[in-house]
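Enquirer: Pasting target.tsv here (TSV, C-alpha atoms and all ligand atoms):
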chain	number	residue	atom	x	y	z
A	1	MET	CA	107.12	116.13	129.88
A	2	THR	CA	106.55	117.73	126.48
A	3	SER	CA	104.92	121.14	125.97
A	4	THR	CA	101.23	121.08	125.13
A	5	LYS	CA	101.61	122.98	121.86
A	6	ARG	CA	104.63	121.58	119.99
A	7	LEU	CA	104.73	117.95	118.93
A	8	THR	CA	108.04	116.33	119.92
A	9	ILE	CA	109.52	113.63	117.71
A	10	ALA	CA	112.43	111.43	118.79
A	11	MET	CA	114.72	110.25	116.00
A	12	GLN	CA	118.14	108.62	115.74
A	13	LYS	CA	120.89	111.26	115.76
A	14	SER	CA	123.34	109.33	113.60
A	15	GLY	CA	123.35	105.79	112.30
A	16	ARG	CA	121.51	103.56	109.90
A	17	LEU	CA	118.07	105.10	110.40
A	18	SER	CA	118.98	108.77	110.65
A	19	ASP	CA	119.26	109.66	106.93
A	20	ASP	CA	116.03	107.88	105.97
A	21	THR	CA	114.18	109.41	108.93
A	22	GLN	CA	115.44	112.87	108.06
A	23	ASN	CA	114.47	112.41	104.40
A	24	LEU	CA	111.00	111.24	105.37
A	25	LEU	CA	110.44	114.27	107.59
A	26	LYS	CA	111.79	116.63	104.92
A	27	ARG	CA	109.57	115.08	102.27
A	28	CYS	CA	106.63	115.63	104.64
A	29	GLY	CA	107.40	119.34	104.29
A	30	LEU	CA	109.17	119.89	107.63
A	31	LYS	CA	111.86	122.55	107.43
A	32	LEU	CA	114.63	121.40	109.75
A	33	ASN	CA	118.20	122.32	110.24
A	34	LEU	CA	119.97	119.28	111.64
A	35	THR	CA	123.49	120.37	110.81
A	36	ASP	CA	124.41	121.53	114.30
A	37	ARG	CA	125.00	119.40	117.38
A	38	ARG	CA	121.95	120.45	119.37
A	39	LEU	CA	119.83	117.75	120.96
A	40	LEU	CA	116.60	119.60	120.22
A	41	ALA	CA	115.94	121.02	116.74
A	42	HIS	CA	113.00	123.31	116.03
A	43	VAL	CA	111.02	122.84	112.85
A	44	SER	CA	110.65	126.36	111.50
A	45	ASN	CA	107.41	125.98	109.54
A	46	MET	CA	105.38	123.69	111.85
A	47	PRO	CA	104.94	123.46	115.65
A	48	ILE	CA	107.24	120.44	115.88
A	49	ASP	CA	110.51	119.82	117.77
A	50	ILE	CA	112.90	117.04	116.88
A	51	MET	CA	114.88	115.32	119.62
A	52	ARG	CA	117.99	113.61	118.22
A	53	VAL	CA	119.19	110.77	120.40
A	54	ARG	CA	120.57	107.23	120.28
A	55	SER	CA	118.17	104.64	118.89
A	56	SER	CA	118.10	102.73	122.14
A	57	ASP	CA	116.86	105.83	124.01
A	58	ILE	CA	113.87	106.41	121.71
A	59	PRO	CA	111.43	103.78	123.09
A	60	GLY	CA	111.90	104.98	126.69
A	61	LEU	CA	111.51	108.65	125.75
A	62	VAL	CA	108.17	107.86	124.08
A	63	MET	CA	106.96	105.41	126.74
A	64	ASP	CA	107.74	107.93	129.50
A	65	GLY	CA	106.01	110.75	127.59
A	66	VAL	CA	109.17	112.87	127.19
A	67	CYS	CA	108.56	112.73	123.43
A	68	ASP	CA	105.13	112.33	121.85
A	69	ILE	CA	106.23	110.19	118.95
A	70	GLY	CA	109.37	108.44	117.77
A	71	ILE	CA	110.87	106.70	114.77
A	72	VAL	CA	112.81	103.59	115.70
A	73	GLY	CA	113.51	100.03	114.55
A	74	ASP	CA	111.04	97.37	115.73
A	75	ASN	CA	113.98	95.39	117.12
A	76	THR	CA	115.05	98.24	119.43
A	77	LEU	CA	111.44	98.93	120.37
A	78	GLU	CA	110.55	95.35	121.26
A	79	GLU	CA	113.79	94.79	123.16
A	80	ALA	CA	113.22	97.96	125.20
A	81	ALA	CA	109.57	97.09	125.89
A	82	LEU	CA	110.51	93.61	127.18
A	83	GLU	CA	113.32	94.97	129.32
A	84	ARG	CA	111.26	97.81	130.77
A	85	LYS	CA	108.43	95.42	131.58
A	86	LEU	CA	110.88	93.21	133.44
A	87	LEU	CA	112.13	96.21	135.43
A	88	GLY	CA	108.61	97.43	136.18
A	89	ASN	CA	108.99	100.63	134.08
A	90	ASN	CA	106.45	102.08	131.61
A	91	SER	CA	106.45	99.79	128.60
A	92	GLU	CA	103.25	100.83	126.83
A	93	TYR	CA	103.30	102.38	123.36
A	94	ILE	CA	101.28	102.45	120.16
A	95	ARG	CA	102.96	101.30	116.97
A	96	THR	CA	101.17	103.72	114.67
A	97	LYS	CA	102.77	102.77	111.40
A	98	GLY	CA	105.44	100.54	109.91
A	99	LEU	CA	107.79	102.52	107.64
A	100	ASN	CA	109.37	101.41	104.40
A	101	PHE	CA	113.02	101.61	105.44
A	102	GLY	CA	115.39	100.05	107.99
A	103	GLY	CA	114.41	96.50	107.03
A	104	CYS	CA	116.51	93.82	108.72
A	105	ARG	CA	116.20	90.55	110.62
A	106	LEU	CA	117.51	89.42	113.97
A	107	SER	CA	119.15	86.06	113.40
A	108	LEU	CA	121.09	83.36	115.14
A	109	ALA	CA	124.37	82.65	113.39
A	110	MET	CA	126.96	79.99	114.04
A	111	PRO	CA	130.54	79.39	112.82
A	112	GLU	CA	130.57	77.81	109.33
A	113	GLU	CA	131.88	74.51	110.70
A	114	PHE	CA	129.06	74.13	113.25
A	115	GLU	CA	126.81	71.21	112.45
A	116	TYR	CA	123.32	72.63	112.57
A	117	THR	CA	120.64	69.96	112.74
A	118	GLY	CA	117.72	72.05	113.95
A	119	ILE	CA	116.92	74.41	116.76
A	120	GLU	CA	117.61	71.70	119.42
A	121	SER	CA	121.26	71.68	118.39
A	122	LEU	CA	121.54	75.18	119.89
A	123	ASN	CA	120.46	73.99	123.33
A	124	GLY	CA	122.90	74.96	126.08
A	125	LEU	CA	124.97	77.27	123.84
A	126	ARG	CA	126.06	80.82	124.55
A	127	PHE	CA	125.23	83.70	122.20
A	128	ALA	CA	126.72	87.17	122.00
A	129	THR	CA	123.97	89.74	121.45
A	130	THR	CA	122.71	93.27	121.88
A	131	TYR	CA	119.18	91.87	122.15
A	132	PRO	CA	119.08	89.51	125.18
A	133	GLN	CA	115.33	89.91	125.76
A	134	LEU	CA	114.40	88.97	122.20
A	135	LEU	CA	116.82	86.04	122.39
A	136	LYS	CA	115.39	84.85	125.72
A	137	ARG	CA	111.83	85.10	124.44
A	138	TYR	CA	112.67	83.13	121.32
A	139	ALA	CA	114.47	80.45	123.35
A	140	SER	CA	111.58	80.02	125.75
A	141	GLU	CA	109.01	79.90	122.90
A	142	ASN	CA	111.11	77.16	121.31
A	143	ASN	CA	111.83	75.22	124.49
A	144	ILE	CA	115.57	75.60	124.39
A	145	ASP	CA	117.91	76.86	127.03
A	146	VAL	CA	120.55	79.37	125.92
A	147	ASP	CA	123.00	81.63	127.67
A	148	PHE	CA	123.98	85.08	126.43
A	149	CYS	CA	126.75	87.64	126.75
A	150	LEU	CA	125.77	91.25	126.19
A	151	LEU	CA	127.76	93.15	123.57
A	152	LYS	CA	126.82	96.59	122.21
A	153	GLY	CA	128.94	96.34	119.07
A	154	SER	CA	131.21	94.05	117.01
A	155	VAL	CA	129.03	91.12	118.04
A	156	GLU	CA	130.21	89.09	115.04
A	157	VAL	CA	133.75	88.68	116.40
A	158	ALA	CA	132.57	87.00	119.64
A	159	PRO	CA	132.78	83.34	118.49
A	160	ARG	CA	136.26	83.85	117.02
A	161	VAL	CA	137.66	85.24	120.26
A	162	GLY	CA	135.99	82.54	122.36
A	163	LEU	CA	133.39	84.78	124.02
A	164	ALA	CA	130.43	82.85	122.71
A	165	ASP	CA	129.44	79.82	120.60
A	166	GLY	CA	127.31	81.87	118.24
A	167	ILE	CA	125.71	85.27	117.83
A	168	CYS	CA	122.22	86.72	117.79
A	169	ASP	CA	122.53	89.85	115.67
A	170	LEU	CA	120.90	92.02	113.01
A	171	VAL	CA	121.40	90.97	109.41
A	172	SER	CA	120.37	92.68	106.20
A	173	THR	CA	122.48	91.25	103.37
A	174	GLY	CA	124.44	88.61	105.28
A	175	ALA	CA	127.78	89.97	104.00
A	176	THR	CA	129.10	90.77	107.52
A	177	LEU	CA	128.29	87.24	108.67
A	178	GLU	CA	130.05	85.74	105.68
A	179	ALA	CA	133.10	87.97	106.16
A	180	ASN	CA	133.36	86.67	109.73
A	181	GLY	CA	133.00	82.99	108.89
A	182	LEU	CA	129.47	82.73	110.24
A	183	LYS	CA	126.29	81.20	108.80
A	184	GLU	CA	122.73	82.23	109.58
A	185	VAL	CA	120.77	79.34	111.10
A	186	GLU	CA	117.52	80.87	112.41
A	187	VAL	CA	115.69	84.15	111.87
A	188	ILE	CA	114.17	85.06	115.21
A	189	TYR	CA	112.62	88.47	114.49
A	190	ARG	CA	111.88	90.63	111.42
A	191	SER	CA	112.07	94.38	111.74
A	192	THR	CA	111.54	97.65	109.91
A	193	ALA	CA	111.58	101.22	111.14
A	194	ALA	CA	108.30	102.17	112.79
A	195	LEU	CA	106.46	105.27	113.91
A	196	ILE	CA	105.47	104.94	117.54
A	197	GLN	CA	103.50	107.13	119.92
A	198	ASN	CA	102.83	107.44	123.61
A	199	PRO	CA	99.52	105.73	124.45
A	200	ASN	CA	98.10	108.74	126.33
A	201	PRO	CA	95.82	111.00	124.27
A	202	LEU	CA	97.55	114.02	122.77
A	203	SER	CA	96.27	117.55	123.39
A	204	GLN	CA	93.92	118.77	120.66
A	205	ASP	CA	96.61	121.00	119.14
A	206	LYS	CA	99.16	118.22	119.00
A	207	GLN	CA	96.69	115.69	117.67
A	208	ALA	CA	95.92	118.04	114.77
A	209	ILE	CA	99.65	118.35	113.95
A	210	PHE	CA	100.08	114.60	114.25
A	211	ASP	CA	97.12	113.90	111.94
A	212	THR	CA	98.62	116.20	109.30
A	213	LEU	CA	102.04	114.58	109.65
A	214	LEU	CA	100.61	111.07	109.45
A	215	GLN	CA	98.63	111.84	106.32
A	216	ARG	CA	101.73	113.33	104.71
A	217	MET	CA	103.82	110.29	105.70
A	218	GLN	CA	101.28	108.02	104.09
A	219	GLY	CA	101.44	110.16	100.94
A	220	VAL	CA	105.25	110.11	100.86
A	221	MET	CA	105.40	106.34	101.36
A	222	LYS	CA	102.75	105.61	98.77
A	223	ALA	CA	104.50	107.93	96.30
A	224	LYS	CA	107.81	106.14	96.89
A	225	GLU	CA	106.20	102.82	96.02
A	226	SER	CA	104.33	104.14	92.98
A	227	LYS	CA	105.25	105.17	89.44
A	228	TYR	CA	103.47	107.38	86.95
A	229	ILE	CA	103.32	105.75	83.54
A	230	MET	CA	102.62	107.61	80.30
A	231	LEU	CA	102.56	106.22	76.78
A	232	HIS	CA	101.01	106.58	73.36
A	233	ALA	CA	98.91	103.58	72.31
A	234	PRO	CA	97.10	102.56	69.10
A	235	ILE	CA	93.43	103.28	69.70
A	236	GLU	CA	92.29	99.82	68.56
A	237	LYS	CA	94.67	98.11	71.07
A	238	ILE	CA	93.51	100.09	74.08
A	239	GLU	CA	91.89	97.11	75.82
A	240	GLN	CA	95.03	94.95	75.54
A	241	VAL	CA	97.16	97.89	76.67
A	242	SER	CA	94.96	98.45	79.76
A	243	GLU	CA	95.27	94.77	80.68
A	244	LEU	CA	99.06	95.02	80.66
A	245	MET	CA	99.08	97.99	83.02
A	246	PRO	CA	100.22	97.05	86.54
A	247	GLY	CA	98.05	97.78	89.60
A	248	LYS	CA	94.35	98.16	90.05
A	249	GLU	CA	93.96	101.76	88.86
A	250	THR	CA	91.95	102.37	85.69
A	251	PRO	CA	94.14	104.13	83.12
A	252	THR	CA	93.25	107.63	81.93
A	253	VAL	CA	92.89	107.69	78.13
A	254	LEU	CA	93.33	111.08	76.44
A	255	PRO	CA	93.08	112.14	72.77
A	256	LEU	CA	96.28	113.26	71.02
A	257	ALA	CA	96.09	116.45	68.96
A	258	GLY	CA	96.00	115.70	65.24
A	259	ARG	CA	95.96	111.90	65.63
A	260	ASP	CA	92.91	109.70	65.34
A	261	ASP	CA	94.91	106.42	65.42
A	262	LEU	CA	96.78	107.05	68.73
A	263	VAL	CA	95.73	108.01	72.27
A	264	ALA	CA	97.73	108.95	75.35
A	265	VAL	CA	97.41	106.52	78.28
A	266	HIS	CA	98.33	107.60	81.82
A	267	VAL	CA	98.26	105.41	84.92
A	268	VAL	CA	99.61	105.40	88.48
A	269	ALA	CA	101.15	101.98	89.06
A	270	THR	CA	101.56	100.75	92.61
A	271	GLU	CA	103.30	97.57	91.47
A	272	THR	CA	106.69	97.13	89.83
A	273	PHE	CA	106.67	98.03	86.16
A	274	PHE	CA	108.93	95.51	84.48
A	275	TRP	CA	111.00	95.88	81.31
A	276	GLU	CA	109.05	92.87	79.99
A	277	THR	CA	105.79	94.84	80.29
A	278	MET	CA	107.35	97.77	78.42
A	279	GLU	CA	108.51	95.40	75.68
A	280	ALA	CA	105.04	93.83	75.44
A	281	LEU	CA	103.51	97.33	75.15
A	282	LYS	CA	106.01	98.21	72.43
A	283	ALA	CA	105.09	95.02	70.58
A	284	LEU	CA	101.44	96.15	70.65
A	285	GLY	CA	102.48	99.34	68.82
A	286	CYS	CA	102.83	101.65	71.82
A	287	ASN	CA	105.56	104.30	71.85
A	288	SER	CA	106.89	107.19	73.97
A	289	ILE	CA	106.63	104.99	77.07
A	290	LEU	CA	107.68	106.94	80.16
A	291	VAL	CA	107.93	105.60	83.72
A	292	MET	CA	108.34	108.42	86.22
A	293	PRO	CA	108.78	108.69	89.98
A	294	ILE	CA	106.02	110.43	91.94
A	295	GLU	CA	107.00	112.96	94.57
A	296	LYS	CA	103.80	113.36	96.60
A	297	MET	CA	100.34	111.76	96.66
A	298	MET	CA	97.11	112.52	98.48
A	299	GLU	CA	93.98	110.43	98.02
B	1	LIG	P1	122.33	103.69	118.35
B	1	LIG	O1	123.79	103.63	118.02
B	1	LIG	O2	121.64	104.89	117.74
B	1	LIG	O3	122.00	103.54	119.81
B	1	LIG	P2	122.12	101.16	116.90
B	1	LIG	O4	123.41	100.66	117.45
B	1	LIG	O5	120.97	100.19	116.80
B	1	LIG	O6	121.60	102.40	117.74
B	1	LIG	P3	122.53	101.43	114.04
B	1	LIG	O7	123.61	100.41	113.87
B	1	LIG	O8	122.64	102.71	113.29
B	1	LIG	O9	122.38	101.90	115.53
B	1	LIG	O10	121.15	100.69	113.68
B	1	LIG	C1	119.94	101.36	113.78
B	1	LIG	C2	118.83	100.44	113.34
B	1	LIG	O11	118.93	100.21	111.95
B	1	LIG	C3	118.82	99.05	113.93
B	1	LIG	O12	118.33	99.02	115.25
B	1	LIG	C4	117.91	98.34	112.95
B	1	LIG	O13	116.55	98.60	113.25
B	1	LIG	C5	118.24	99.02	111.62
B	1	LIG	N1	119.06	98.17	110.70
B	1	LIG	C6	118.77	97.90	109.43
B	1	LIG	N2	119.67	97.09	108.87
B	1	LIG	C7	120.57	96.82	109.80
B	1	LIG	C8	121.76	96.02	109.83
B	1	LIG	N3	122.17	95.33	108.78
B	1	LIG	N4	122.46	96.00	110.96
B	1	LIG	C9	122.08	96.73	112.01
B	1	LIG	N5	120.95	97.47	112.04
B	1	LIG	C10	120.20	97.52	110.96
Write the structure described by the file as structure tokens, please.
Expert:
Amino acid sequence: MTSTKRLTIAMQKSGRLSDDTQNLLKRCGLKLNLTDRRLLAHVSNMPIDIMRVRSSDIPGLVMDGVCDIGIVGDNTLEEAALERKLLGNNSEYIRTKGLNFGGCRLSLAMPEEFEYTGIESLNGLRFATTYPQLLKRYASENNIDVDFCLLKGSVEVAPRVGLADGICDLVSTGATLEANGLKEVEVIYRSTAALIQNPNPLSQDKQAIFDTLLQRMQGVMKAKESKYIMLHAPIEKIEQVSELMPGKETPTVLPLAGRDDLVAVHVVATETFFWETMEALKALGCNSILVMPIEKMME
């Protein structure tokens, strides 16, 4: 069990989620040295320890209370929860927050030449997968009967070597499928990285650390999705300029020294700021249009 004073976070040691997780924690102000091989890393400026493990170990560590919180893909989390439930182990957790990285989908894919005529055409087939529980749940929800063979890696080669008829695997761009002569026929689950916590209440000390961390995470994520826009606009066009600004925030309008025809307009945009909008602003007589990233935000 974890100590009562230091919050323990489980994260992937190396793999697709580890860099983004590490960046998120660093941007939340945590000073961590993850260059060595130790399993447990101490955060030097906050009472937090980081446990670096395989993705598939994270749900269990959080569900069993070994770690207080964890950052893991929904796919791994849901698969572990279903499997642990089946085995009668702890499978309770709280999904505190979805994170804006690690997006992917779990899909069924078949060889290019397979004639797909709908989900029924998959009835009775065998799929290679790392996610048998998610596959079984999908099959039973869709009234089909499928078989599976469990593979922990290189799932996409299974049909070619005669191990399975198709695969049930994670896809982000689809390039790996294409390179292996496979086509995606059904998306069975959509996933992002998520922040999870053990359902038991944290000690007061840990809850306070967690609240701070959560607020910072929200600030980092919001900042990543937002842009700070600055421009100079003709004073008589200010209404039209405001209408072109993306997002719901009211722009700040400031006087410019020595100019009574131009004002400075600043706005935080939470929506994409397109080149077309910049061109439309330019056509209204605006200039010095700057679109800048935001590092941190607190509301
Ligand atoms: P580990 O090796 O740490 O036990 P893993 O085999 O799932 O876990 P990765 O391949 O690094 O390790 O994937 C980690 C997570 O990244 C996945 O579980 C998934 O949530 C996410 N992910 C995002 N895009 C993809 C993708 N195209 N393929 C695989 N995983 C992806």
Enquirer: Nearest to Pro234 (chain A) among A:Pro255, A:Pro293, A:Gly153, A:Gly29, with distances taken over only C-alpha atoms: which residue is it?
Expert: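 Comparing A:Pro255, A:Pro293, A:Gly153, A:Gly29 against Pro234 (chain A), the winner is A:Pro255.
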Enquirer: Quick one: distance from CA of Leu284 (chain A) to CA of Val241 (chain A) in Å, one decimal?
Expert: 7.6 Å
Enquirer: Enumerate residues in contact with ligand LIG 1 (chain B): an atom-to-atom distance of at most 7 Å, counting all atoms listed in the file. Format the result as a list of chain:residue names.
Expert: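 Residues satisfying the distance criterion: A:Gln12, A:Lys13, A:Ser14, A:Gly15, A:Arg16, A:Leu17, A:Val53, A:Arg54, A:Ser55, A:Ser56, A:Val72, A:Gly73, A:Asp74, A:Asn75, A:Thr76, A:Gly102, A:Gly103, A:Cys104, A:Leu170, A:Val171, A:Ser172, A:Thr173, A:Ser191, A:Thr192, A:Ala193.
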Enquirer: Output C-alpha atoms of each residue in that selection to a file, as a short mmCIF file (atom, residue, chain, number, x, y, z; two decimals), in the frame of the given file.
Expert:
data_model
loop_
_atom_site.label_atom_id
_atom_site.label_comp_id
_atom_site.auth_asym_id
_atom_site.auth_seq_id
_atom_site.Cartn_x
_atom_site.Cartn_y
_atom_site.Cartn_z
CA GLN A 12 118.14 108.62 115.74
CA LYS A 13 120.89 111.26 115.76
CA SER A 14 123.34 109.33 113.60
CA GLY A 15 123.35 105.79 112.30
CA ARG A 16 121.51 103.56 109.90
CA LEU A 17 118.07 105.10 110.40
CA VAL A 53 119.19 110.77 120.40
CA ARG A 54 120.57 107.23 120.28
CA SER A 55 118.17 104.64 118.89
CA SER A 56 118.10 102.73 122.14
CA VAL A 72 112.81 103.59 115.70
CA GLY A 73 113.51 100.03 114.55
CA ASP A 74 111.04 97.37 115.73
CA ASN A 75 113.98 95.39 117.12
CA THR A 76 115.05 98.24 119.43
CA GLY A 102 115.39 100.05 107.99
CA GLY A 103 114.41 96.50 107.03
CA CYS A 104 116.51 93.82 108.72
CA LEU A 170 120.90 92.02 113.01
CA VAL A 171 121.40 90.97 109.41
CA SER A 172 120.37 92.68 106.20
CA THR A 173 122.48 91.25 103.37
CA SER A 191 112.07 94.38 111.74
CA THR A 192 111.54 97.65 109.91
CA ALA A 193 111.58 101.22 111.14
#
Enquirer: When distances are computed from all atoms listed in the file, which of A:Lys227, A:Lys152, A:Asp165, A:Gly285 shows the smallest separation from Pro132 (chain A)?
Expert: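 Going through A:Lys227, A:Lys152, A:Asp165, A:Gly285 one by one, the smallest distance to Pro132 (chain A) is for A:Lys152.
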Enquirer: A:Leu163, A:Leu244, A:Leu82, A:Ile209: which is nearest Asn45 (chain A), counting all atoms listed in the file?
Expert: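 Comparing A:Leu163, A:Leu244, A:Leu82, A:Ile209 against Asn45 (chain A), the winner is A:Ile209.
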Enquirer: Could you pull the residues within 12 Å of region 18-24 of chain A, counting all atoms listed in the file, minus those fewer than 4 positions along the same chain, as a PyMOL selection string?
Expert: chain A and resi 9-14+28-35+41+43+50-55+70-73+99-103+192-195+213-214+216-224+295-296
Enquirer: I'd like to know which of A:Leu125, A:Leu7, A:Leu40, A:Val268 is closest to Ala109 (chain A), using only C-alpha atoms.
Expert: A:Leu125
Enquirer: Using all atoms listed in the file, collect all residues at a distance of at most 7 Å from (130.3, 86.2, 117.3) as written in the file, then present them as a list in words.
Expert: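 Applying the cut-off with all atoms listed in the file, one gets Ala128, Val155, Glu156, Val157, Ala158, Pro159, Arg160, Ala164, Gly166 and Ile167 of chain A.
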Enquirer: For the interface of region 142-240 of chain A with region 119-124 of chain A (cut-off 10 Å, counting all atoms listed in the file), please tabulate each contacting residue of region 142-240 of chain A alongside its nearest pair of atoms and their separation in Å to one decimal, rows sorted by chain and increasing number, as CSV.
Expert:
residue,atom,partner,partner_atom,distance
A:Asn142,CA,A:Ile119,CA,7.9
A:Asn143,CA,A:Glu120,CA,8.5
A:Ile144,CA,A:Asn123,CA,5.3
A:Asp145,CA,A:Asn123,CA,5.3
A:Val146,CA,A:Gly124,CA,5.0
A:Asp147,CA,A:Gly124,CA,6.9
A:Asp165,CA,A:Leu122,CA,9.2
A:Gly166,CA,A:Leu122,CA,9.0
A:Val185,CA,A:Ile119,CA,8.4
A:Glu186,CA,A:Ile119,CA,7.8
Enquirer: If you measure from CA of Ser154 (chain A) to CA of Cys168 (chain A), what distance in Å do you get, rounded to one decimal?
Expert: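 It comes out at 11.6 Å.
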Enquirer: Quick one: distance from CA of Ala175 (chain A) to CA of Lys97 (chain A) in Å, one decimal?
Expert: 29.1 Å
Enquirer: With all atoms listed in the file as the atoms that count, which of A:Asn287, A:Gly118, A:Met230, A:Phe273 lies nearest to Thr252 (chain A)?
Expert: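 Nearest to Thr252 (chain A): A:Met230.
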Enquirer: Could you list, as a list in words, every residue within 7 Å of Asp169 (chain A), counting only C-alpha atoms and ignoring same-chain residues fewer than 6 positions away?
Expert: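 With the cut-off at 7 Å, the set is Leu106, Ser107, Leu108 and Thr129 of chain A.
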Enquirer: Residues near region 197-200 of chain A, anyone? I mean within 7 Å using all atoms listed in the file, not counting same-chain ones fewer than 5 positions away, as a ChimeraX atom specification.
Expert: /A:62-63,65,68-70,92-96
